[in-house]
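Visitor: Sharing final.cif (mmCIF, C-alpha atoms (C1' of nucleotides); chains and numbers go by the auth columns) below.
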data_coords
#
loop_
_atom_site.group_PDB
_atom_site.id
_atom_site.type_symbol
_atom_site.label_atom_id
_atom_site.label_comp_id
_atom_site.label_asym_id
_atom_site.label_seq_id
_atom_site.Cartn_x
_atom_site.Cartn_y
_atom_site.Cartn_z
_atom_site.B_iso_or_equiv
_atom_site.auth_seq_id
_atom_site.auth_asym_id
ATOM 1 C CA MET A 1 0.000 0.000 0.000 0.00 1 A
ATOM 2 C CA LYS A 2 1.365 3.369 -1.025 0.00 2 A
ATOM 3 C CA ILE A 3 0.127 6.384 0.930 0.00 3 A
ATOM 4 C CA ALA A 4 0.969 10.041 0.403 0.00 4 A
ATOM 5 C CA THR A 5 0.354 13.346 2.115 0.00 5 A
ATOM 6 C CA TRP A 6 0.508 16.801 0.552 0.00 6 A
ATOM 7 C CA ASN A 7 -0.413 20.259 1.728 0.00 7 A
ATOM 8 C CA VAL A 8 -1.576 21.597 -1.647 0.00 8 A
ATOM 9 C CA ASN A 9 -2.159 25.218 -0.576 0.00 9 A
ATOM 10 C CA SER A 10 -5.434 25.391 -2.554 0.00 10 A
ATOM 11 C CA LEU A 11 -6.722 22.280 -4.342 0.00 11 A
ATOM 12 C CA ASN A 12 -8.072 24.260 -7.285 0.00 12 A
ATOM 13 C CA ALA A 13 -4.757 26.042 -7.817 0.00 13 A
ATOM 14 C CA ARG A 14 -2.908 22.708 -7.624 0.00 14 A
ATOM 15 C CA LEU A 15 -5.261 20.312 -9.413 0.00 15 A
ATOM 16 C CA GLU A 16 -3.096 19.915 -12.506 0.00 16 A
ATOM 17 C CA ILE A 17 0.110 19.229 -10.559 0.00 17 A
ATOM 18 C CA LEU A 18 -1.754 16.888 -8.205 0.00 18 A
ATOM 19 C CA LEU A 19 -3.016 14.828 -11.146 0.00 19 A
ATOM 20 C CA GLU A 20 0.570 14.678 -12.497 0.00 20 A
ATOM 21 C CA PHE A 21 1.713 13.494 -9.075 0.00 21 A
ATOM 22 C CA ILE A 22 -0.983 10.797 -9.024 0.00 22 A
ATOM 23 C CA GLU A 23 -0.026 9.657 -12.524 0.00 23 A
ATOM 24 C CA LYS A 24 3.657 9.518 -11.565 0.00 24 A
ATOM 25 C CA ARG A 25 3.455 7.868 -8.135 0.00 25 A
ATOM 26 C CA LYS A 26 0.136 6.029 -8.346 0.00 26 A
ATOM 27 C CA PRO A 27 -0.526 6.158 -4.587 0.00 27 A
ATOM 28 C CA ASP A 28 -3.404 4.131 -3.166 0.00 28 A
ATOM 29 C CA ILE A 29 -4.291 6.871 -0.706 0.00 29 A
ATOM 30 C CA ILE A 30 -3.525 10.614 -0.738 0.00 30 A
ATOM 31 C CA ALA A 31 -4.174 12.887 2.229 0.00 31 A
ATOM 32 C CA LEU A 32 -4.555 16.541 1.255 0.00 32 A
ATOM 33 C CA GLN A 33 -4.437 19.615 3.469 0.00 33 A
ATOM 34 C CA GLU A 34 -5.322 23.246 2.836 0.00 34 A
ATOM 35 C CA THR A 35 -7.766 22.360 0.076 0.00 35 A
ATOM 36 C CA LYS A 36 -9.441 25.775 0.577 0.00 36 A
ATOM 37 C CA VAL A 37 -12.583 24.589 -1.181 0.00 37 A
ATOM 38 C CA GLU A 38 -16.157 24.217 0.026 0.00 38 A
ATOM 39 C CA ASP A 39 -17.679 20.744 -0.276 0.00 39 A
ATOM 40 C CA ASP A 40 -20.145 21.638 -3.052 0.00 40 A
ATOM 41 C CA LYS A 41 -17.229 22.931 -5.161 0.00 41 A
ATOM 42 C CA PHE A 42 -14.876 19.982 -4.601 0.00 42 A
ATOM 43 C CA PRO A 43 -13.449 18.753 -7.971 0.00 43 A
ATOM 44 C CA LEU A 44 -14.781 15.234 -7.439 0.00 44 A
ATOM 45 C CA HIS A 45 -14.926 14.233 -11.114 0.00 45 A
ATOM 46 C CA ALA A 46 -11.217 14.861 -11.706 0.00 46 A
ATOM 47 C CA PHE A 47 -10.421 12.094 -9.195 0.00 47 A
ATOM 48 C CA ASN A 48 -13.279 9.735 -10.053 0.00 48 A
ATOM 49 C CA GLU A 49 -12.102 9.754 -13.672 0.00 49 A
ATOM 50 C CA VAL A 50 -8.725 8.337 -12.665 0.00 50 A
ATOM 51 C CA GLY A 51 -10.205 5.741 -10.302 0.00 51 A
ATOM 52 C CA TYR A 52 -10.234 7.408 -6.894 0.00 52 A
ATOM 53 C CA LYS A 53 -12.957 7.984 -4.338 0.00 53 A
ATOM 54 C CA CYS A 54 -12.943 11.168 -2.278 0.00 54 A
ATOM 55 C CA LEU A 55 -13.738 11.987 1.307 0.00 55 A
ATOM 56 C CA PHE A 56 -13.525 15.694 2.022 0.00 56 A
ATOM 57 C CA LYS A 57 -14.352 18.441 4.436 0.00 57 A
ATOM 58 C CA GLY A 58 -13.628 21.996 3.435 0.00 58 A
ATOM 59 C CA GLN A 59 -14.367 25.659 3.879 0.00 59 A
ATOM 60 C CA LYS A 60 -13.897 28.800 1.853 0.00 60 A
ATOM 61 C CA ALA A 61 -10.399 30.349 1.653 0.00 61 A
ATOM 62 C CA TYR A 62 -8.786 28.533 4.605 0.00 62 A
ATOM 63 C CA ASN A 63 -8.025 25.031 5.868 0.00 63 A
ATOM 64 C CA GLY A 64 -9.852 22.014 4.427 0.00 64 A
ATOM 65 C CA VAL A 65 -8.772 18.352 4.268 0.00 65 A
ATOM 66 C CA ALA A 66 -9.473 15.424 1.947 0.00 66 A
ATOM 67 C CA ILE A 67 -8.665 11.737 1.595 0.00 67 A
ATOM 68 C CA ILE A 68 -8.388 10.498 -1.999 0.00 68 A
ATOM 69 C CA SER A 69 -8.404 6.694 -2.166 0.00 69 A
ATOM 70 C CA LYS A 70 -8.446 3.871 -4.700 0.00 70 A
ATOM 71 C CA MET A 71 -10.052 1.667 -2.039 0.00 71 A
ATOM 72 C CA ASP A 72 -13.384 2.283 -0.419 0.00 72 A
ATOM 73 C CA TRP A 73 -13.489 2.958 3.320 0.00 73 A
ATOM 74 C CA ASP A 74 -15.350 0.841 5.845 0.00 74 A
ATOM 75 C CA LYS A 75 -16.029 3.829 8.096 0.00 75 A
ATOM 76 C CA TYR A 76 -15.216 7.494 8.206 0.00 76 A
ATOM 77 C CA GLU A 77 -15.353 10.343 10.697 0.00 77 A
ATOM 78 C CA LYS A 78 -15.640 14.033 9.962 0.00 78 A
ATOM 79 C CA ASN A 79 -16.790 15.386 13.303 0.00 79 A
ATOM 80 C CA PHE A 80 -13.735 16.601 15.197 0.00 80 A
ATOM 81 C CA GLU A 81 -15.240 19.813 16.483 0.00 81 A
ATOM 82 C CA ASP A 82 -13.992 19.141 20.024 0.00 82 A
ATOM 83 C CA ILE A 83 -10.430 19.337 18.702 0.00 83 A
ATOM 84 C CA GLU A 84 -10.558 21.717 15.738 0.00 84 A
ATOM 85 C CA GLY A 85 -13.471 24.006 16.617 0.00 85 A
ATOM 86 C CA GLU A 86 -15.060 25.562 13.527 0.00 86 A
ATOM 87 C CA GLN A 87 -11.960 25.032 11.361 0.00 87 A
ATOM 88 C CA LYS A 88 -11.922 22.089 8.960 0.00 88 A
ATOM 89 C CA ARG A 89 -8.675 20.358 9.884 0.00 89 A
ATOM 90 C CA ILE A 90 -9.161 16.650 10.612 0.00 90 A
ATOM 91 C CA ILE A 91 -10.743 13.803 8.671 0.00 91 A
ATOM 92 C CA MET A 92 -10.492 10.036 9.193 0.00 92 A
ATOM 93 C CA ALA A 93 -11.141 7.065 6.942 0.00 93 A
ATOM 94 C CA GLU A 94 -10.852 3.455 8.058 0.00 94 A
ATOM 95 C CA ILE A 95 -9.453 1.415 5.161 0.00 95 A
ATOM 96 C CA ASN A 96 -8.585 -2.295 5.479 0.00 96 A
ATOM 97 C CA GLY A 97 -8.745 -2.045 9.256 0.00 97 A
ATOM 98 C CA ILE A 98 -6.373 0.922 9.445 0.00 98 A
ATOM 99 C CA LYS A 99 -7.534 4.284 10.720 0.00 99 A
ATOM 100 C CA ILE A 100 -6.089 6.900 8.359 0.00 100 A
ATOM 101 C CA ILE A 101 -6.186 10.217 10.206 0.00 101 A
ATOM 102 C CA ASN A 102 -5.423 13.197 7.995 0.00 102 A
ATOM 103 C CA ALA A 103 -4.688 16.320 10.020 0.00 103 A
ATOM 104 C CA TYR A 104 -3.779 19.912 9.250 0.00 104 A
ATOM 105 C CA PHE A 105 -2.401 21.174 12.542 0.00 105 A
ATOM 106 C CA PRO A 106 -2.817 24.895 13.296 0.00 106 A
ATOM 107 C CA HIS A 107 0.106 27.071 12.249 0.00 107 A
ATOM 108 C CA GLY A 108 0.147 29.078 15.467 0.00 108 A
ATOM 109 C CA LYS A 109 1.320 32.387 13.998 0.00 109 A
ATOM 110 C CA MET A 110 3.615 33.571 16.817 0.00 110 A
ATOM 111 C CA VAL A 111 4.626 31.823 20.025 0.00 111 A
ATOM 112 C CA ASP A 112 3.005 34.518 22.193 0.00 112 A
ATOM 113 C CA SER A 113 -0.315 34.650 20.310 0.00 113 A
ATOM 114 C CA SER A 114 -3.713 33.139 21.148 0.00 114 A
ATOM 115 C CA TYR A 115 -3.329 31.088 17.960 0.00 115 A
ATOM 116 C CA PHE A 116 -0.323 29.433 19.546 0.00 116 A
ATOM 117 C CA GLN A 117 -2.354 28.218 22.523 0.00 117 A
ATOM 118 C CA PHE A 118 -4.968 26.880 20.094 0.00 118 A
ATOM 119 C CA LYS A 119 -2.175 24.915 18.415 0.00 119 A
ATOM 120 C CA LEU A 120 -0.965 23.398 21.707 0.00 120 A
ATOM 121 C CA ASP A 121 -4.535 22.537 22.740 0.00 121 A
ATOM 122 C CA PHE A 122 -5.169 20.970 19.332 0.00 122 A
ATOM 123 C CA ILE A 123 -2.144 18.671 19.685 0.00 123 A
ATOM 124 C CA LYS A 124 -3.102 17.704 23.239 0.00 124 A
ATOM 125 C CA LYS A 125 -6.724 16.923 22.349 0.00 125 A
ATOM 126 C CA LEU A 126 -5.642 14.964 19.283 0.00 126 A
ATOM 127 C CA LYS A 127 -3.364 12.900 21.523 0.00 127 A
ATOM 128 C CA GLU A 128 -6.228 12.156 23.916 0.00 128 A
ATOM 129 C CA TYR A 129 -8.432 11.095 21.008 0.00 129 A
ATOM 130 C CA ILE A 130 -5.867 8.866 19.276 0.00 130 A
ATOM 131 C CA SER A 131 -4.615 7.241 22.485 0.00 131 A
ATOM 132 C CA LYS A 132 -7.911 5.314 22.648 0.00 132 A
ATOM 133 C CA LEU A 133 -7.478 3.903 19.118 0.00 133 A
ATOM 134 C CA LYS A 134 -5.619 1.012 17.509 0.00 134 A
ATOM 135 C CA ASN A 135 -4.043 0.600 14.042 0.00 135 A
ATOM 136 C CA VAL A 136 -3.522 4.273 13.320 0.00 136 A
ATOM 137 C CA ILE A 137 -1.648 6.078 10.586 0.00 137 A
ATOM 138 C CA LEU A 138 -1.569 9.803 11.360 0.00 138 A
ATOM 139 C CA LEU A 139 -0.360 11.963 8.505 0.00 139 A
ATOM 140 C CA GLY A 140 -0.542 15.495 7.256 0.00 140 A
ATOM 141 C CA ASP A 141 0.871 18.935 7.869 0.00 141 A
ATOM 142 C CA PHE A 142 1.771 18.945 11.566 0.00 142 A
ATOM 143 C CA ASN A 143 3.336 22.426 11.366 0.00 143 A
ATOM 144 C CA VAL A 144 6.061 21.297 13.773 0.00 144 A
ATOM 145 C CA ALA A 145 9.586 20.085 13.042 0.00 145 A
ATOM 146 C CA PRO A 146 10.439 17.440 15.666 0.00 146 A
ATOM 147 C CA GLU A 147 14.257 17.532 15.862 0.00 147 A
ATOM 148 C CA GLU A 148 17.174 19.876 15.239 0.00 148 A
ATOM 149 C CA MET A 149 18.063 17.910 12.112 0.00 149 A
ATOM 150 C CA ASP A 150 14.601 18.742 10.737 0.00 150 A
ATOM 151 C CA VAL A 151 15.255 22.481 10.312 0.00 151 A
ATOM 152 C CA TYR A 152 17.790 24.436 8.279 0.00 152 A
ATOM 153 C CA ASN A 153 18.991 26.497 11.233 0.00 153 A
ATOM 154 C CA PRO A 154 18.045 25.274 14.742 0.00 154 A
ATOM 155 C CA ASP A 155 19.826 28.176 16.486 0.00 155 A
ATOM 156 C CA ILE A 156 17.885 30.843 14.620 0.00 156 A
ATOM 157 C CA LEU A 157 14.600 28.957 14.760 0.00 157 A
ATOM 158 C CA GLN A 158 14.567 27.814 18.389 0.00 158 A
ATOM 159 C CA TYR A 159 12.107 30.555 19.394 0.00 159 A
ATOM 160 C CA SER A 160 10.195 30.545 16.118 0.00 160 A
ATOM 161 C CA ILE A 161 6.854 29.051 15.207 0.00 161 A
ATOM 162 C CA GLY A 162 7.164 25.446 14.099 0.00 162 A
ATOM 163 C CA PHE A 163 10.265 24.684 16.151 0.00 163 A
ATOM 164 C CA SER A 164 9.751 26.223 19.595 0.00 164 A
ATOM 165 C CA VAL A 165 10.253 24.060 22.688 0.00 165 A
ATOM 166 C CA ASP A 166 6.570 24.079 23.683 0.00 166 A
ATOM 167 C CA GLU A 167 5.448 22.835 20.270 0.00 167 A
ATOM 168 C CA ARG A 168 8.097 20.145 20.086 0.00 168 A
ATOM 169 C CA ASN A 169 7.218 18.954 23.592 0.00 169 A
ATOM 170 C CA ALA A 170 3.511 18.791 22.701 0.00 170 A
ATOM 171 C CA LEU A 171 4.337 16.897 19.518 0.00 171 A
ATOM 172 C CA ASN A 172 6.579 14.520 21.431 0.00 172 A
ATOM 173 C CA GLU A 173 3.749 13.702 23.851 0.00 173 A
ATOM 174 C CA LEU A 174 1.553 12.825 20.883 0.00 174 A
ATOM 175 C CA TYR A 175 4.374 10.744 19.418 0.00 175 A
ATOM 176 C CA SER A 176 4.898 8.896 22.687 0.00 176 A
ATOM 177 C CA ILE A 177 1.504 7.176 22.650 0.00 177 A
ATOM 178 C CA GLY A 178 3.043 4.640 20.261 0.00 178 A
ATOM 179 C CA PHE A 179 3.943 6.261 16.953 0.00 179 A
ATOM 180 C CA VAL A 180 6.909 5.756 14.675 0.00 180 A
ATOM 181 C CA ASP A 181 8.010 8.549 12.332 0.00 181 A
ATOM 182 C CA VAL A 182 8.006 6.493 9.138 0.00 182 A
ATOM 183 C CA PHE A 183 10.222 8.924 7.223 0.00 183 A
ATOM 184 C CA ARG A 184 12.875 8.921 9.957 0.00 184 A
ATOM 185 C CA LEU A 185 12.737 5.134 10.166 0.00 185 A
ATOM 186 C CA HIS A 186 14.018 4.956 6.600 0.00 186 A
ATOM 187 C CA ASN A 187 16.093 8.122 6.285 0.00 187 A
ATOM 188 C CA LYS A 188 18.620 9.372 8.854 0.00 188 A
ATOM 189 C CA ASN A 189 19.982 12.307 6.824 0.00 189 A
ATOM 190 C CA LYS A 190 19.725 15.904 7.870 0.00 190 A
ATOM 191 C CA GLY A 191 18.674 18.561 5.374 0.00 191 A
ATOM 192 C CA GLU A 192 15.525 16.610 4.421 0.00 192 A
ATOM 193 C CA TYR A 193 12.593 19.044 4.449 0.00 193 A
ATOM 194 C CA THR A 194 8.964 19.127 3.328 0.00 194 A
ATOM 195 C CA TRP A 195 8.298 22.871 3.439 0.00 195 A
ATOM 196 C CA TRP A 196 10.186 25.865 2.095 0.00 196 A
ATOM 197 C CA ASP A 197 8.921 29.433 2.342 0.00 197 A
ATOM 198 C CA TYR A 198 7.923 30.938 -1.010 0.00 198 A
ATOM 199 C CA ARG A 199 9.985 33.944 -0.019 0.00 199 A
ATOM 200 C CA SER A 200 13.736 34.570 0.077 0.00 200 A
ATOM 201 C CA ASN A 201 14.613 31.898 -2.490 0.00 201 A
ATOM 202 C CA SER A 202 14.203 29.338 0.308 0.00 202 A
ATOM 203 C CA PHE A 203 13.820 26.264 -1.871 0.00 203 A
ATOM 204 C CA LYS A 204 16.987 26.905 -3.872 0.00 204 A
ATOM 205 C CA ARG A 205 18.910 27.561 -0.637 0.00 205 A
ATOM 206 C CA ASN A 206 17.268 24.463 0.935 0.00 206 A
ATOM 207 C CA ALA A 207 16.195 26.692 3.835 0.00 207 A
ATOM 208 C CA GLY A 208 13.320 24.434 4.823 0.00 208 A
ATOM 209 C CA MET A 209 11.659 22.537 7.644 0.00 209 A
ATOM 210 C CA ARG A 210 10.364 18.969 7.923 0.00 210 A
ATOM 211 C CA ILE A 211 6.839 19.651 9.175 0.00 211 A
ATOM 212 C CA ASP A 212 4.775 17.212 7.075 0.00 212 A
ATOM 213 C CA HIS A 213 4.778 13.729 8.495 0.00 213 A
ATOM 214 C CA ILE A 214 3.606 10.162 8.121 0.00 214 A
ATOM 215 C CA TRP A 215 3.428 8.547 11.531 0.00 215 A
ATOM 216 C CA ALA A 216 2.237 4.983 12.108 0.00 216 A
ATOM 217 C CA PHE A 217 1.631 2.921 15.204 0.00 217 A
ATOM 218 C CA LYS A 218 4.513 0.492 15.762 0.00 218 A
ATOM 219 C CA ASN A 219 2.704 -2.604 14.441 0.00 219 A
ATOM 220 C CA ILE A 220 2.034 -0.813 11.140 0.00 220 A
ATOM 221 C CA ALA A 221 5.381 1.005 10.909 0.00 221 A
ATOM 222 C CA SER A 222 7.133 -2.376 11.180 0.00 222 A
ATOM 223 C CA LYS A 223 5.549 -3.208 7.827 0.00 223 A
ATOM 224 C CA SER A 224 6.768 -0.030 6.130 0.00 224 A
ATOM 225 C CA ILE A 225 9.202 -0.473 3.251 0.00 225 A
ATOM 226 C CA LEU A 226 10.286 3.052 2.380 0.00 226 A
ATOM 227 C CA CYS A 227 9.375 6.703 2.745 0.00 227 A
ATOM 228 C CA TYR A 228 10.508 9.707 0.743 0.00 228 A
ATOM 229 C CA ILE A 229 9.842 13.377 0.049 0.00 229 A
ATOM 230 C CA ASP A 230 8.920 14.232 -3.541 0.00 230 A
ATOM 231 C CA LYS A 231 11.014 17.350 -4.116 0.00 231 A
ATOM 232 C CA GLU A 232 10.324 17.254 -7.858 0.00 232 A
ATOM 233 C CA ILE A 233 6.801 18.444 -7.103 0.00 233 A
ATOM 234 C CA ARG A 234 8.085 21.344 -4.984 0.00 234 A
ATOM 235 C CA ALA A 235 10.482 22.330 -7.787 0.00 235 A
ATOM 236 C CA LYS A 236 7.680 22.875 -10.298 0.00 236 A
ATOM 237 C CA PRO A 237 6.503 26.390 -11.169 0.00 237 A
ATOM 238 C CA LYS A 238 3.254 27.517 -9.526 0.00 238 A
ATOM 239 C CA THR A 239 3.431 24.701 -6.974 0.00 239 A
ATOM 240 C CA SER A 240 2.637 24.471 -3.278 0.00 240 A
ATOM 241 C CA ASP A 241 5.151 25.629 -0.682 0.00 241 A
ATOM 242 C CA HIS A 242 5.048 22.034 0.652 0.00 242 A
ATOM 243 C CA ALA A 243 6.374 18.859 -0.975 0.00 243 A
ATOM 244 C CA PRO A 244 4.439 15.574 -0.833 0.00 244 A
ATOM 245 C CA VAL A 245 5.646 12.778 1.466 0.00 245 A
ATOM 246 C CA VAL A 246 5.120 9.198 0.277 0.00 246 A
ATOM 247 C CA ALA A 247 5.323 5.934 2.247 0.00 247 A
ATOM 248 C CA GLU A 248 4.975 2.334 1.144 0.00 248 A
ATOM 249 C CA PHE A 249 3.778 -0.472 3.390 0.00 249 A
ATOM 250 C CA ASP A 250 3.743 -4.227 2.888 0.00 250 A
ATOM 251 C CA LEU A 251 0.203 -4.740 4.142 0.00 251 A
ATOM 252 C "C1'" DA B 1 16.253 39.161 6.088 0.00 1 B
ATOM 253 C "C1'" DT B 2 11.110 44.108 11.014 0.00 2 B
ATOM 254 C "C1'" DG B 3 11.808 41.667 4.027 0.00 3 B
ATOM 255 C "C1'" DG B 4 10.346 38.591 1.097 0.00 4 B
ATOM 256 C "C1'" DT B 5 5.965 35.359 -2.040 0.00 5 B
ATOM 257 C "C1'" DG B 6 1.610 33.190 -2.844 0.00 6 B
ATOM 258 C "C1'" DG B 7 -3.766 31.897 -2.355 0.00 7 B
ATOM 259 C "C1'" DT B 8 -8.123 33.725 -1.609 0.00 8 B
ATOM 260 C "C1'" DA B 9 -10.985 37.049 -3.066 0.00 9 B
ATOM 261 C "C1'" DA B 10 -11.487 41.664 -3.803 0.00 10 B
ATOM 262 C "C1'" DG B 11 -8.995 44.514 1.017 0.00 11 B
ATOM 263 C "C1'" DA B 12 -6.984 42.094 4.353 0.00 12 B
ATOM 264 C "C1'" DC B 13 -5.782 37.794 6.286 0.00 13 B
ATOM 265 C "C1'" DC B 14 -3.304 33.605 6.614 0.00 14 B
ATOM 266 C "C1'" DA B 15 0.741 30.988 5.904 0.00 15 B
#
How would this structure read if it were set down as structure tokens?
Guide:
Amino acid sequence: MKIATWNVNSLNARLEILLEFIEKRKPDIIALQETKVEDDKFPLHAFNEVGYKCLFKGQKAYNGVAIISKMDWDKYEKNFEDIEGEQKRIIMAEINGIKIINAYFPHGKMVDSSYFQFKLDFIKKLKEYISKLKNVILLGDFNVAPEEMDVYNPDILQYSIGFSVDERNALNELYSIGFVDVFRLHNKNKGEYTWWDYRSNSFKRNAGMRIDHIWAFKNIASKSILCYIDKEIRAKPKTSDHAPVVAEFDL
DNA sequence: ATGGTGGTAAGACCA
């Protein structure tokens, strides 16, 4: 089973590149974040035509998540209001006994803002929710880089959003309920990022952060074969500021 | 890099 995650930064703006990505990688499941499209405007046909079903939950202009899958789901869950509030950030599909949780964690803006506390609360509530579950793959844009090797300059970024101590501690508590970082399991190199700011020529300088993740519970991660970041997609013109992450499992 | 770029939607707001 091949599963991918990509923060598209607008599904409509990225539809063409996403379809190229699907053609190239042929993933069984794709988790999308920041679709920025309301449900009645979701481009369902584009995916149905190439053999995928869609589960989605969006809103105008901001947020929005979707699961695009070759296989049908046995169950799904869209109601995560206790964790996300009014923002459309979490969606779950249960496929072949595995709970695929696609999450777009809050950005947090600045470490001293009210948005930051919302981010910490979100991570804590998500942990409480998932800790009651079995057979989980959690993937998406977590908006946190876990380790020093996951950012281009840990000294500069240690007080910045996405790498501050409080965020990394919250993320580590979520991780500690039984997850394995599937990318890190298969790749120990530093300088491997999933997001580069559009500004300041960041991609060319590789001034990025690894904030998009595929995490699996240990029993599932033990069946993972490989995991990689598709930088070719980030290198394209008019692309997202995030690169897709792809993992393959022998399930 | 107290700048910079991009998406949405039509002037800010979010990232």
Visitor: With only C-alpha atoms (C1' of nucleotides) as the counted atoms, please give the residues lying no more than 9 Å from range 40-43 of chain A, apart from itself and same-chain residues fewer than 3 positions off, as a list in words.
Guide: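 Neighbouring residues, sequence-local ones excluded: Leu11, Asn12, Leu15, Thr35, Val37, Ala46, Phe47, Phe56 and Gly58 of chain A.
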Visitor: For this file, the PyMOL selection byres ((chain B and resi 10-15) around 9) selects which residues, as a PDB file with C-alpha atoms (C1' of nucleotides), in the frame of the given file?
Guide:
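So the final result, stored in selection-v8.pdb, reads:
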ATOM      1  CA  TYR A  62      -8.786  28.533   4.605  1.00  0.00           C
ATOM      2  CA  HIS A 107       0.106  27.071  12.249  1.00  0.00           C
ATOM      3  CA  LYS A 109       1.320  32.387  13.998  1.00  0.00           C
TER       4      LYS A 109
ATOM      5  C1'  DT B   8      -8.123  33.725  -1.609  1.00  0.00           C
ATOM      6  C1'  DA B   9     -10.985  37.049  -3.066  1.00  0.00           C
TER       7       DA B   9
END
Visitor: Please, which residues of chain A lie no more than 8 Å from chain B when the count uses only C-alpha atoms (C1' of nucleotides), and can they be set out as a VMD selection string?
Guide: chain A and resid 9 to 10 61 to 62 107 197 to 200
Visitor: For the structure shown, which residues end up in the PyMOL selection byres ((chain A and resi 87) around 12)? Put them as a PyMOL selection string, please?
Guide: chain A and resi 34+36+57-65+78-86+88-91+103-106+118+122
Visitor: What lies within 10 Å of Asn219 in chain A using only C-alpha atoms (C1' of nucleotides), ignoring chain neighbours under 3 positions off, as JSON, numbers by chain?
Guide: {"A": [134, 135, 136, 178, 179, 180, 216, 222, 223, 224]}
Visitor: May I have the residues within 10 Å of range 170-175 of chain A as a ChimeraX atom specification, using all atoms listed in the file and disregarding those fewer than 2 positions away in the same chain?
Guide: /A:119-128,130-131,142-147,165-168,177-181,215-217
Visitor: Which protein, DNA or RNA residues are at most 12 Å from (11.5, 27.9, -3.2) in the file's coordinates when you count all atoms listed in the file, listed as a PyMOL selection string?
Guide: (chain A and resi 193-208+231-243) or (chain B and resi 4-6)
Visitor: I would like the residues chosen by the PyMOL selection byres ((chain A and resi 212) around 6) on the shown file; could you give them as an NGL selection string?
Guide: :A and (140-142 or 194 or 210-211 or 213)
Visitor: Please identify all polymer residues within 12 Å of Asn48 in chain A, counting all atoms listed in the file, omitting same-chain residues fewer than 4 positions from it, and present them as a count of residues only.
Guide: 12
Visitor: Go ahead and compute the interatomic distance for CA of Lys26 in chain A and CA of Leu185 in chain A, in Å to one decimal.
Guide: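 Here the two named atoms are 22.4 Å from each other.
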Visitor: Work out how far apart CA of Asn102 in chain A and CA of Arg184 in chain A are and give it in Å to one decimal.
Guide: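 Between these atoms lies a distance of 18.9 Å.
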Visitor: Of the candidates A:Val151, A:Ile101, A:Val182, A:Ile161, which shows the shortest atom-to-atom distance to Leu138 in chain A, using all atoms listed in the file?
Guide: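 Between A:Val151, A:Ile101, A:Val182, A:Ile161, the residue approaching Leu138 in chain A most closely is A:Ile101.
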Visitor: For CA of Gln117 in chain A and CA of Ala4 in chain A, quote the distance in Å rounded to one decimal.
Guide: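 Here the two named atoms are 28.8 Å from each other.
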